[in-house]
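Okay, coords35.cif now, which holds mmCIF, C-alpha atoms:
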data_upload
#
loop_
_atom_site.label_atom_id
_atom_site.label_comp_id
_atom_site.auth_asym_id
_atom_site.auth_seq_id
_atom_site.Cartn_x
_atom_site.Cartn_y
_atom_site.Cartn_z
CA MET L 23 98.48 134.22 -147.83
CA VAL L 24 95.91 134.93 -145.15
CA THR L 25 96.56 138.67 -145.33
CA ASN L 26 94.71 138.94 -148.64
CA PHE L 27 91.29 139.02 -147.01
CA GLN L 28 92.04 140.66 -143.68
CA SER L 29 90.78 144.11 -144.54
CA HIS L 30 87.41 142.75 -145.64
CA TYR L 31 86.56 140.83 -142.48
CA ILE L 32 88.77 142.02 -139.60
CA PRO L 33 87.78 145.39 -138.10
CA ASN L 34 91.26 146.23 -136.73
CA THR L 35 93.22 148.90 -138.59
CA PRO L 36 96.72 148.02 -139.83
CA ALA L 37 98.17 150.15 -137.03
CA GLU L 38 96.13 148.31 -134.40
CA GLN L 39 97.19 144.97 -135.88
CA ASP L 40 100.86 145.99 -135.70
CA GLU L 41 100.37 146.99 -132.07
CA LEU L 42 98.72 143.68 -131.20
CA LEU L 43 101.43 141.67 -132.98
CA ALA L 44 104.18 143.59 -131.26
CA ALA L 45 102.63 142.84 -127.88
CA ILE L 46 103.01 139.08 -128.50
CA GLY L 47 106.36 139.31 -130.23
CA LEU L 48 105.32 138.61 -133.81
CA ARG L 49 105.97 140.52 -137.02
CA SER L 50 102.98 139.58 -139.18
CA VAL L 51 99.60 137.86 -139.08
CA ASP L 52 101.13 134.97 -141.04
CA ASP L 53 103.34 134.21 -138.03
CA LEU L 54 100.20 133.23 -136.12
CA PHE L 55 99.88 130.24 -138.45
CA ALA L 56 103.54 129.20 -138.43
CA ASP L 57 102.82 125.98 -136.51
CA ILE L 58 100.64 124.70 -139.35
CA PRO L 59 102.75 122.81 -141.95
CA ASP L 60 102.98 124.54 -145.32
CA ASP L 61 101.24 121.64 -147.07
CA PHE L 62 98.13 122.18 -144.97
CA ARG L 63 98.17 125.94 -144.52
CA ASN L 64 96.93 126.86 -147.97
CA PRO L 65 96.21 123.57 -149.77
CA PRO L 66 94.96 123.67 -153.36
CA LEU L 67 91.23 123.04 -153.41
CA GLU L 68 91.11 121.56 -156.91
CA LEU L 69 87.43 122.38 -157.30
CA PRO L 70 85.62 121.38 -160.50
CA ALA L 71 84.56 124.00 -162.99
CA PRO L 72 81.51 126.05 -161.93
CA LEU L 73 78.06 124.97 -163.05
CA SER L 74 74.94 126.92 -163.85
CA GLU L 75 71.91 126.68 -161.58
CA LEU L 76 70.19 124.42 -164.12
CA GLU L 77 73.19 122.08 -164.29
CA ILE L 78 73.46 121.94 -160.50
CA GLN L 79 69.78 121.08 -160.17
CA ARG L 80 70.17 118.30 -162.73
CA GLU L 81 73.26 116.88 -160.99
CA LEU L 82 71.70 116.97 -157.54
CA GLY L 83 68.54 115.40 -158.93
CA GLU L 84 70.53 112.52 -160.39
CA MET L 85 72.27 111.98 -157.05
CA ALA L 86 68.97 112.08 -155.17
CA ALA L 87 67.44 109.57 -157.58
CA ARG L 88 69.98 106.99 -156.42
CA ASN L 89 68.25 106.91 -153.02
CA ARG L 90 65.24 104.73 -152.32
CA PRO L 91 62.55 106.91 -150.73
CA LEU L 92 60.38 105.28 -148.08
CA SER L 93 57.36 105.94 -150.29
CA ALA L 94 58.80 103.67 -153.01
CA GLY L 95 57.64 100.49 -151.28
CA PRO L 96 57.11 98.79 -147.92
CA SER L 97 59.77 99.53 -145.31
CA PHE L 98 60.38 97.54 -142.13
CA LEU L 99 63.54 99.33 -141.03
CA GLY L 100 63.57 101.16 -137.70
CA ALA L 101 66.40 100.93 -135.15
CA GLY L 102 66.09 104.52 -133.95
CA SER L 103 64.72 106.29 -137.04
CA TYR L 104 61.07 105.61 -137.76
CA HIS L 105 58.65 106.06 -140.64
CA HIS L 106 55.51 107.63 -139.16
CA PHE L 107 52.71 109.65 -140.69
CA ILE L 108 53.16 113.42 -140.37
CA PRO L 109 50.04 115.55 -140.96
CA SER L 110 50.62 118.15 -143.69
CA ILE L 111 49.77 120.95 -141.27
CA VAL L 112 53.07 120.38 -139.46
CA LYS L 113 55.22 121.51 -142.40
CA ALA L 114 52.70 124.17 -143.41
CA ILE L 115 53.00 125.93 -140.05
CA MET L 116 56.65 125.31 -139.18
CA THR L 117 57.85 126.79 -142.50
CA ARG L 118 56.02 130.07 -142.04
CA GLY L 119 58.41 133.00 -142.00
CA GLU L 120 57.53 133.88 -138.41
CA PHE L 121 58.82 130.51 -137.23
CA LEU L 122 61.51 129.43 -139.70
CA THR L 123 64.59 129.48 -137.46
CA ALA L 124 66.57 126.86 -135.57
CA TYR L 125 68.27 129.41 -133.34
CA THR L 126 67.76 130.18 -129.68
CA PRO L 127 65.19 132.94 -128.98
CA TYR L 128 67.49 135.07 -126.83
CA GLN L 129 65.54 138.31 -127.39
CA PRO L 130 62.07 137.91 -125.89
CA GLU L 131 60.90 141.23 -127.34
CA VAL L 132 60.92 139.76 -130.85
CA SER L 133 60.51 136.05 -130.02
CA GLN L 134 57.21 135.78 -128.16
CA GLY L 135 55.70 133.36 -130.68
CA THR L 136 58.69 130.99 -130.61
CA LEU L 137 59.00 131.24 -126.83
CA GLN L 138 55.32 130.42 -126.35
CA VAL L 139 55.66 127.39 -128.63
CA ILE L 140 58.64 126.13 -126.63
CA PHE L 141 56.73 126.70 -123.40
CA GLU L 142 53.90 124.56 -124.75
CA PHE L 143 56.44 122.02 -126.00
CA GLN L 144 57.92 121.72 -122.51
CA THR L 145 54.47 121.26 -121.05
CA MET L 146 53.52 118.51 -123.51
CA ILE L 147 56.80 116.61 -123.09
CA SER L 148 56.45 116.74 -119.32
CA ALA L 149 52.91 115.36 -119.58
CA LEU L 150 53.96 112.75 -122.13
CA TYR L 151 56.73 111.35 -119.93
CA GLY L 152 54.92 111.83 -116.62
CA MET L 153 57.65 114.16 -115.37
CA GLU L 154 57.54 117.49 -113.56
CA VAL L 155 59.68 119.61 -115.87
CA ALA L 156 61.13 119.45 -119.39
CA ASN L 157 63.66 121.70 -121.09
CA ALA L 158 63.49 123.54 -124.41
CA GLY L 159 65.08 120.69 -126.37
CA MET L 160 68.44 119.04 -127.03
CA TYR L 161 70.43 118.04 -130.11
CA ASP L 162 69.15 114.46 -130.46
CA GLY L 163 68.28 111.36 -128.46
CA ALA L 164 71.88 110.18 -128.11
CA THR L 165 73.27 113.43 -126.72
CA SER L 166 70.22 113.80 -124.46
CA VAL L 167 70.85 110.53 -122.67
CA ALA L 168 74.58 111.31 -122.48
CA GLU L 169 73.76 114.64 -120.83
CA ALA L 170 71.46 112.76 -118.46
CA VAL L 171 74.40 110.59 -117.37
CA LEU L 172 76.49 113.69 -116.63
CA MET L 173 73.56 115.20 -114.73
CA ALA L 174 73.11 112.04 -112.64
CA CYS L 175 76.77 112.25 -111.65
CA ARG L 176 76.41 115.92 -110.70
CA VAL L 177 73.32 115.26 -108.60
CA THR L 178 74.68 112.25 -106.73
CA ARG L 179 78.35 113.37 -106.71
CA ARG L 180 79.31 109.90 -107.90
CA GLN L 181 81.40 108.79 -110.86
CA GLN L 182 80.08 105.38 -111.88
CA VAL L 183 77.08 104.64 -114.11
CA ILE L 184 75.39 101.38 -115.10
CA VAL L 185 74.10 101.16 -118.66
CA ALA L 186 71.92 98.26 -119.79
CA ASP L 187 73.33 96.42 -122.80
CA THR L 188 69.96 96.79 -124.52
CA VAL L 189 70.46 100.55 -124.87
CA ALA L 190 71.12 101.51 -128.52
CA PRO L 191 74.78 100.88 -129.44
CA ALA L 192 75.13 104.40 -130.86
CA TYR L 193 73.76 105.84 -127.61
CA ARG L 194 76.28 103.83 -125.61
CA GLN L 195 79.08 105.15 -127.80
CA VAL L 196 78.00 108.76 -127.28
CA ILE L 197 77.74 108.18 -123.51
CA ALA L 198 81.30 106.81 -123.51
CA THR L 199 82.53 109.81 -125.51
CA TYR L 200 80.93 112.29 -123.10
CA CYS L 201 82.21 110.51 -119.99
CA GLN L 202 85.76 109.48 -120.86
CA ALA L 203 87.31 112.93 -120.29
CA GLN L 204 85.54 113.33 -116.94
CA GLY L 205 86.71 110.03 -115.51
CA ILE L 206 83.20 108.59 -115.24
CA ALA L 207 83.20 104.79 -115.23
CA ILE L 208 80.60 103.23 -117.54
CA ASP L 209 79.62 99.63 -116.77
CA ILE L 210 77.69 97.91 -119.57
CA VAL L 211 75.70 95.08 -117.99
CA PRO L 212 72.99 92.69 -119.21
CA ALA L 213 69.62 94.34 -118.79
CA ASP L 214 68.26 91.53 -116.61
CA ARG L 215 71.19 92.00 -114.21
CA ALA L 216 71.25 95.79 -114.06
CA ALA L 217 69.25 95.94 -110.84
CA ASP L 218 71.69 93.59 -109.08
CA ALA L 219 74.70 95.61 -110.27
CA VAL L 220 73.73 98.79 -108.39
CA THR L 221 76.00 99.74 -105.47
CA GLU L 222 76.48 102.76 -103.22
CA ALA L 223 78.97 104.09 -105.78
CA THR L 224 76.42 104.09 -108.64
CA ALA L 225 75.25 107.49 -109.85
CA GLY L 226 72.56 106.20 -112.18
CA VAL L 227 71.08 103.28 -114.06
CA VAL L 228 70.44 103.91 -117.76
CA VAL L 229 67.81 101.94 -119.64
CA GLN L 230 65.89 102.37 -122.90
CA TYR L 231 62.10 102.06 -123.11
CA PRO L 232 61.36 100.22 -125.34
CA ASN L 233 64.91 98.98 -125.63
CA PHE L 234 66.91 98.95 -128.87
CA TYR L 235 65.58 95.47 -129.71
CA GLY L 236 61.98 96.52 -129.18
CA SER L 237 61.34 94.83 -125.83
CA LEU L 238 59.95 96.49 -122.71
CA GLU L 239 62.16 96.55 -119.62
CA ASP L 240 60.93 96.28 -116.02
CA LEU L 241 61.34 99.95 -115.08
CA ALA L 242 59.75 99.52 -111.65
CA ALA L 243 62.36 96.97 -110.55
CA LEU L 244 65.23 99.02 -111.95
CA GLY L 245 63.96 102.17 -110.28
CA ALA L 246 63.56 100.46 -106.91
CA ALA L 247 67.08 99.01 -107.10
CA ALA L 248 68.60 102.35 -108.09
CA HIS L 249 66.83 104.35 -105.40
CA ALA L 250 67.67 101.83 -102.69
CA ASP L 251 71.35 102.78 -103.07
CA GLY L 252 70.82 106.48 -103.74
CA ALA L 253 71.24 106.28 -107.51
CA LEU L 254 68.99 107.81 -110.17
CA LEU L 255 66.94 106.00 -112.79
CA VAL L 256 67.64 107.43 -116.25
CA VAL L 257 65.28 106.35 -119.03
CA SER L 258 65.56 107.02 -122.76
CA ALA L 259 61.97 106.63 -123.97
CA ASP L 260 60.32 106.70 -127.39
CA PRO L 261 57.75 109.51 -127.00
CA LEU L 262 55.27 107.90 -129.40
CA THR L 263 54.94 104.82 -127.21
CA MET L 264 53.55 107.02 -124.46
CA GLY L 265 50.30 107.00 -126.38
CA MET L 266 49.52 103.59 -124.87
CA LEU L 267 52.29 102.65 -122.41
CA ARG L 268 52.69 103.88 -118.84
CA PRO L 269 55.15 106.81 -118.83
CA PRO L 270 58.53 106.41 -117.09
CA GLY L 271 57.54 108.99 -114.49
CA GLU L 272 54.98 106.55 -113.08
CA PHE L 273 57.81 104.07 -112.47
CA GLY L 274 59.81 106.60 -110.45
CA ALA L 275 62.22 107.68 -113.18
CA ASP L 276 64.36 110.65 -112.16
CA ILE L 277 65.48 111.75 -115.63
CA VAL L 278 63.68 110.85 -118.86
CA THR L 279 65.16 111.63 -122.26
CA GLY L 280 64.19 110.64 -125.77
CA GLU L 281 64.46 111.09 -129.49
CA GLY L 282 61.78 113.45 -130.79
CA GLN L 283 61.96 112.20 -134.38
CA PRO L 284 58.87 109.94 -134.11
CA ILE L 285 56.63 112.88 -133.24
CA GLY L 286 56.45 115.06 -136.33
CA ILE L 287 59.96 114.83 -137.77
CA PRO L 288 60.79 112.89 -140.97
CA PRO L 289 63.62 110.29 -141.02
CA SER L 290 65.67 112.59 -143.30
CA PHE L 291 68.49 110.09 -143.78
CA GLY L 292 69.34 110.23 -140.08
CA GLY L 293 68.87 113.83 -139.03
CA PRO L 294 68.74 116.53 -137.93
CA TYR L 295 66.54 115.37 -135.06
CA LEU L 296 65.36 116.64 -131.69
CA GLY L 297 66.49 115.57 -128.23
CA LEU L 298 63.93 115.44 -125.41
CA PHE L 299 64.91 115.96 -121.78
CA SER L 300 62.80 115.95 -118.62
CA CYS L 301 63.39 115.40 -114.93
CA LYS L 302 62.01 115.79 -111.43
CA GLN L 303 61.54 119.35 -110.20
CA GLN L 304 64.14 118.92 -107.45
CA TYR L 305 66.91 118.46 -110.02
CA ILE L 306 66.00 121.41 -112.24
CA ARG L 307 69.15 123.39 -111.37
CA GLN L 308 71.31 120.60 -112.78
CA MET L 309 69.30 120.22 -115.99
CA PRO L 310 71.13 121.19 -119.21
CA SER L 311 69.80 123.36 -122.03
CA ARG L 312 67.28 126.14 -121.48
CA LEU L 313 63.91 126.51 -119.83
CA VAL L 314 61.22 128.86 -121.09
CA GLY L 315 59.00 130.35 -118.42
CA ARG L 316 55.76 132.32 -118.46
CA THR L 317 55.57 135.66 -116.67
CA THR L 318 53.90 139.07 -116.91
CA ASP L 319 55.31 142.39 -118.08
CA THR L 320 55.07 145.75 -116.33
CA GLU L 321 51.56 146.18 -117.69
CA GLY L 322 50.37 142.78 -116.48
CA ARG L 323 50.36 141.14 -119.90
CA THR L 324 51.46 137.53 -120.32
CA GLY L 325 54.98 137.15 -121.64
CA TYR L 326 57.52 134.36 -122.18
CA VAL L 327 61.24 134.46 -121.40
CA LEU L 328 64.22 132.13 -121.09
CA THR L 329 63.97 131.51 -117.37
CA LEU L 330 66.99 129.23 -116.95
CA GLN L 331 70.08 129.31 -119.16
CA THR L 332 72.93 127.05 -118.16
CA ARG L 333 75.86 127.82 -120.43
CA GLU L 334 78.96 129.72 -119.36
CA GLN L 335 77.89 132.91 -121.12
CA HIS L 336 74.91 133.00 -118.78
CA ILE L 337 76.17 131.75 -115.41
CA ARG L 338 79.48 131.09 -113.64
CA ARG L 339 81.70 128.81 -115.70
CA GLU L 340 82.16 126.25 -112.94
CA ARG L 341 78.40 125.80 -112.68
CA ALA L 342 77.67 125.76 -116.42
CA THR L 343 76.32 122.68 -118.20
CA SER L 344 77.21 123.51 -121.79
CA ASN L 345 75.57 121.25 -124.34
CA ILE L 346 74.49 120.99 -127.95
CA CYS L 347 70.92 122.18 -128.48
CA THR L 348 71.10 123.60 -132.00
CA ASN L 349 67.75 122.31 -133.25
CA GLU L 350 65.58 123.29 -130.35
CA ALA L 351 63.45 126.01 -131.91
CA LEU L 352 62.40 124.64 -135.30
CA TYR L 353 61.99 120.97 -134.45
CA ALA L 354 60.50 121.66 -131.05
CA LEU L 355 57.93 123.59 -133.06
CA ALA L 356 57.39 120.61 -135.40
CA SER L 357 56.84 118.22 -132.49
CA SER L 358 54.58 120.72 -130.74
CA ILE L 359 52.39 121.04 -133.82
CA TYR L 360 52.29 117.27 -134.24
CA LEU L 361 51.27 116.64 -130.62
CA ALA L 362 48.69 119.42 -130.66
CA VAL L 363 47.14 118.16 -133.91
CA MET L 364 47.12 114.50 -132.90
CA GLY L 365 45.89 115.10 -129.37
CA ARG L 366 45.58 112.43 -126.70
CA ASN L 367 43.26 110.21 -128.76
CA GLY L 368 45.24 110.52 -131.99
CA LEU L 369 48.51 109.67 -130.27
CA ARG L 370 46.91 106.65 -128.64
CA GLN L 371 45.48 105.47 -131.96
CA VAL L 372 48.89 105.69 -133.69
CA ALA L 373 50.58 103.84 -130.82
CA GLU L 374 47.97 101.09 -130.85
CA LEU L 375 48.27 100.69 -134.62
CA CYS L 376 52.04 100.27 -134.31
CA TYR L 377 51.67 97.78 -131.47
CA HIS L 378 49.00 95.59 -133.05
CA LYS L 379 50.45 95.62 -136.55
CA ALA L 380 53.87 94.65 -135.20
CA HIS L 381 52.35 91.75 -133.25
CA TYR L 382 50.37 90.65 -136.30
CA ALA L 383 53.61 90.55 -138.30
CA ALA L 384 55.55 88.77 -135.54
CA ASP L 385 52.88 86.09 -135.12
CA ALA L 386 52.83 85.39 -138.87
CA ILE L 387 56.62 85.29 -139.22
CA GLY L 388 57.00 83.10 -136.14
CA LYS L 389 54.89 80.43 -137.86
CA LEU L 390 57.17 80.24 -140.89
CA GLY L 391 59.54 77.32 -141.18
CA GLY L 392 63.12 78.33 -140.47
CA TYR L 393 62.24 81.55 -138.64
CA SER L 394 61.89 82.12 -134.90
CA LEU L 395 61.39 84.94 -132.40
CA PRO L 396 64.27 84.74 -129.90
CA GLN L 397 62.82 87.24 -127.39
CA SER L 398 60.03 86.37 -124.99
CA ALA L 399 59.37 89.84 -123.53
CA ASP L 400 56.53 91.98 -124.80
CA PHE L 401 57.45 94.54 -127.44
CA PHE L 402 56.02 97.68 -128.99
CA GLN L 403 56.73 98.13 -132.72
CA GLU L 404 60.07 96.35 -133.17
CA PHE L 405 61.05 92.72 -132.71
CA VAL L 406 63.94 90.42 -133.57
CA VAL L 407 63.60 87.52 -136.01
CA SER L 408 66.17 84.74 -136.29
CA CYS L 409 66.44 83.92 -139.99
CA PRO L 410 67.38 80.65 -141.72
CA VAL L 411 70.13 82.47 -143.66
CA ALA L 412 72.23 85.57 -143.04
CA PRO L 413 70.14 88.77 -142.70
CA ALA L 414 72.24 90.41 -145.43
CA GLU L 415 71.05 87.76 -147.87
CA VAL L 416 67.46 88.08 -146.65
CA ASN L 417 67.61 91.85 -147.13
CA ARG L 418 69.10 91.45 -150.60
CA GLN L 419 66.28 89.20 -151.72
CA LEU L 420 63.67 91.41 -150.06
CA MET L 421 65.02 94.41 -151.97
CA GLU L 422 64.61 92.47 -155.22
CA ARG L 423 60.92 92.45 -154.30
CA ASN L 424 61.05 96.18 -153.49
CA ILE L 425 60.75 95.55 -149.75
CA LEU L 426 63.13 97.30 -147.38
CA GLY L 427 63.99 94.79 -144.64
CA GLY L 428 65.33 95.18 -141.13
CA LEU L 429 68.62 95.81 -139.38
CA ASP L 430 71.19 93.03 -139.08
CA VAL L 431 71.67 92.31 -135.35
CA SER L 432 73.57 89.05 -135.77
CA ASP L 433 76.15 90.31 -133.29
CA ARG L 434 73.59 89.61 -130.55
CA PHE L 435 71.16 87.08 -132.02
CA ASP L 436 71.93 84.14 -134.31
CA ASN L 437 71.11 85.43 -137.83
CA GLY L 438 69.06 88.11 -136.12
CA MET L 439 67.14 90.79 -137.99
CA LEU L 440 65.42 93.69 -136.22
CA LEU L 441 62.12 94.45 -137.95
CA CYS L 442 59.93 97.50 -137.36
CA VAL L 443 56.23 97.87 -138.16
CA THR L 444 54.48 101.23 -137.84
CA GLU L 445 51.10 102.66 -138.75
CA MET L 446 52.53 103.28 -142.24
CA ASN L 447 52.58 99.52 -142.98
CA SER L 448 49.28 98.18 -144.31
CA ARG L 449 48.09 94.61 -143.88
CA ALA L 450 49.00 94.05 -147.54
CA ASP L 451 52.56 95.30 -146.84
CA ILE L 452 52.93 92.90 -143.92
CA ASP L 453 51.47 89.96 -145.85
CA ALA L 454 53.87 90.70 -148.72
CA LEU L 455 56.79 90.63 -146.26
CA VAL L 456 55.64 87.31 -144.79
CA SER L 457 55.20 85.77 -148.23
CA ALA L 458 58.63 86.97 -149.31
CA LEU L 459 60.28 85.56 -146.16
CA ALA L 460 58.55 82.23 -146.77
CA GLU L 461 59.94 82.11 -150.30
CA ILE L 462 63.44 83.04 -149.09
CA ALA L 463 63.36 80.24 -146.50
#

What would the structure in this file look like if it were written as C-alpha cells?
Amino acid sequence: MVTNFQSHYIPNTPAEQDELLAAIGLRSVDDLFADIPDDFRNPPLELPAPLSELEIQRELGEMAARNRPLSAGPSFLGAGSYHHFIPSIVKAIMTRGEFLTAYTPYQPEVSQGTLQVIFEFQTMISALYGMEVANAGMYDGATSVAEAVLMACRVTRRQQVIVADTVAPAYRQVIATYCQAQGIAIDIVPADRAADAVTEATAGVVVQYPNFYGSLEDLAALGAAAHADGALLVVSADPLTMGMLRPPGEFGADIVTGEGQPIGIPPSFGGPYLGLFSCKQQYIRQMPSRLVGRTTDTEGRTGYVLTLQTREQHIRRERATSNICTNEALYALASSIYLAVMGRNGLRQVAELCYHKAHYAADAIGKLGGYSLPQSADFFQEFVVSCPVAPAEVNRQLMERNILGGLDVSDRFDNGMLLCVTEMNSRADIDALVSALAEIA
C-alpha cells in the first residue's frame, strides 16, 4: 500500500490530506491509483539476495571484463562516436570538487566558476563554427539538430523541412520523433537533390558535415538554394573537423549544431555526450537552452549570469522552447578544457592527422583485390568500403585478429562497411588492417 511511506516523504498532515481528498471526492490516497491495474500497482520486485561491497565489485568487474576496451587493440569503428586522444588534464580539472556537477548553474552567487567556463565554451563554439552566438549546451548531437529543425520552423513560420538522406539515421529518427506531434512534414531526399527540392514552403534544409558516410557536402550550394526561397540552412557539424575545414558559418549556415563528444569526451559506450548549438545573432530569441552572459555587479566587478533562459519556468509558456540540456555544465567544461589545452594549432594537427591517416588507409584498401571505394567525394576521417563478402563476416574475421572493424552499411552500399581512422590509429594499425582485409579477400 502506498500509504506506508507517506509520512516520511509527504509534508501534508493527515488532516490536510483528508481535506484535499474530500475536495476531489476521494476517501483515501489509494483511490488516486485506482486506475492502475492491481497486477501493476505493487508488483513483486523479486530482487536477488543482497551482496557485500566486495561481492558487488567482483560481479561488476566480471561484467565489465566482457567488454572490449578500445585500448585492447586497433579500432576502426566510428559512425558518430569517435576514439580521440584526450589529454589527462581534462579529467584532472573537470573532476575537481568545484566543478563536479552536471546541473544548471541557476544561482550566480555560488556558480561564478561554472558560469565563466560556460561563457568561454560558448565563445569557443561560436568561433569553431564561424557563427555569431552559441548556447550553453544541449543533450547530444541528435537532439541538437532536432531542436534546430523546430527553431527553423519557428523562425520561418513554415512546417516543412528537407533532410538530406546522408544525415545519420539516428539523427533522422530523432528529428521525426520531435516533429510528428507538431505536424511538421519531414522530406528525406538524396543529398545531391536537396538543393532542387527547396520550395517557398520549406522552413529549412538539414545536412551533416561531414555526412554520416564521411563525405563532404557542398554547403555553399545548399545554402544558396535554401536562402533563395527564404529557408534556413541547418548544419550538423563535427567540431573536430573545424581544425582544418572551413566552418559552416562561412558557407552562410543559419543554425549549426553538433556532437561535442570528439572534443574531450570519451566514447563511454554511447554516452552521455554533449550537444552543440549555434546560430546567427538575429535568431537568438528563438534559440533553445540557455545563454550565459558577462556583466558587472554594483561594484563594477565582472560577473556571469544566465542571460537568456527559454523554458516555461522562466518565460511565458507559449514562448518557451523547452528542451533537454542535462549535461551542459560538466561536459561543456570537459570540451572547454580540451579546446583550451589543444589551442588552434593542436586542433589543426589532430584534424590533419585524422584526414591524412584516413586517406592513407583508403588508398591502400582501394588497391586490394575484391575491395572498392564506392564514393567519389572527398572525405575527412570516415569512408565506405565495398567488401568481397558480407561486412559481418569481415568484422568477425577481423575480431579474430583483435581488430575492431567498421559499421555495416550494406543497406546503402553493396557489402558496404564504414571505416573510421583517427589520430589514435598508428601506421602499424592501418597496415595490420590492410593485411587482414587482404587475407579475408

For this session: For CA of Asn417 in chain L and CA of Ala460 in chain L, quote the distance in Å rounded to one decimal.
Result: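 Distance between the two atoms: 13.2 Å.
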
Residues in the PyMOL selection byres ((chain L and resi 180-187) around 10), expressed as a JSON list (two decimals) with C-alpha atoms, in the frame of the given file:
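Contents of part.json, freshly written:
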[["chain", "number", "residue", "atom", "x", "y", "z"],
["L", 171, "VAL", "CA", 74.40, 110.59, -117.37],
["L", 172, "LEU", "CA", 76.49, 113.69, -116.63],
["L", 174, "ALA", "CA", 73.11, 112.04, -112.64],
["L", 175, "CYS", "CA", 76.77, 112.25, -111.65],
["L", 176, "ARG", "CA", 76.41, 115.92, -110.70],
["L", 177, "VAL", "CA", 73.32, 115.26, -108.60],
["L", 178, "THR", "CA", 74.68, 112.25, -106.73],
["L", 179, "ARG", "CA", 78.35, 113.37, -106.71],
["L", 188, "THR", "CA", 69.96, 96.79, -124.52],
["L", 189, "VAL", "CA", 70.46, 100.55, -124.87],
["L", 190, "ALA", "CA", 71.12, 101.51, -128.52],
["L", 191, "PRO", "CA", 74.78, 100.88, -129.44],
["L", 194, "ARG", "CA", 76.28, 103.83, -125.61],
["L", 197, "ILE", "CA", 77.74, 108.18, -123.51],
["L", 201, "CYS", "CA", 82.21, 110.51, -119.99],
["L", 204, "GLN", "CA", 85.54, 113.33, -116.94],
["L", 205, "GLY", "CA", 86.71, 110.03, -115.51],
["L", 206, "ILE", "CA", 83.20, 108.59, -115.24],
["L", 207, "ALA", "CA", 83.20, 104.79, -115.23],
["L", 208, "ILE", "CA", 80.60, 103.23, -117.54],
["L", 209, "ASP", "CA", 79.62, 99.63, -116.77],
["L", 210, "ILE", "CA", 77.69, 97.91, -119.57],
["L", 211, "VAL", "CA", 75.70, 95.08, -117.99],
["L", 212, "PRO", "CA", 72.99, 92.69, -119.21],
["L", 213, "ALA", "CA", 69.62, 94.34, -118.79],
["L", 214, "ASP", "CA", 68.26, 91.53, -116.61],
["L", 215, "ARG", "CA", 71.19, 92.00, -114.21],
["L", 216, "ALA", "CA", 71.25, 95.79, -114.06],
["L", 217, "ALA", "CA", 69.25, 95.94, -110.84],
["L", 219, "ALA", "CA", 74.70, 95.61, -110.27],
["L", 220, "VAL", "CA", 73.73, 98.79, -108.39],
["L", 221, "THR", "CA", 76.00, 99.74, -105.47],
["L", 222, "GLU", "CA", 76.48, 102.76, -103.22],
["L", 223, "ALA", "CA", 78.97, 104.09, -105.78],
["L", 224, "THR", "CA", 76.42, 104.09, -108.64],
["L", 225, "ALA", "CA", 75.25, 107.49, -109.85],
["L", 226, "GLY", "CA", 72.56, 106.20, -112.18],
["L", 227, "VAL", "CA", 71.08, 103.28, -114.06],
["L", 228, "VAL", "CA", 70.44, 103.91, -117.76],
["L", 229, "VAL", "CA", 67.81, 101.94, -119.64],
["L", 230, "GLN", "CA", 65.89, 102.37, -122.90],
["L", 233, "ASN", "CA", 64.91, 98.98, -125.63],
["L", 234, "PHE", "CA", 66.91, 98.95, -128.87],
["L", 239, "GLU", "CA", 62.16, 96.55, -119.62],
["L", 248, "ALA", "CA", 68.60, 102.35, -108.09],
["L", 253, "ALA", "CA", 71.24, 106.28, -107.51],
["L", 254, "LEU", "CA", 68.99, 107.81, -110.17],
["L", 255, "LEU", "CA", 66.94, 106.00, -112.79],
["L", 256, "VAL", "CA", 67.64, 107.43, -116.25]]

Exercise. Range 450-453 of chain L: which residues within 10 Å, counting only C-alpha atoms, same-chain residues fewer than 5 positions away excluded, as a ChimeraX atom specification?
Worked result: /L:95-98,379-380,382-384,386-387,425,443,458-459

Exercise. Hey, what's within 10 Å of Pro109 in chain L if we count only C-alpha atoms and toss same-chain stuff fewer than 3 positions away? As a VMD selection string, please?
Worked result: chain L and resid 106 112 to 114 286 359 to 360 363 to 364

For this session: Would you mind telling me which residue in L:Ile306, L:Ala44, L:Leu99, L:Ile285 lies nearest to Ala362 in chain L when using only C-alpha atoms?
Result: L:Ile285
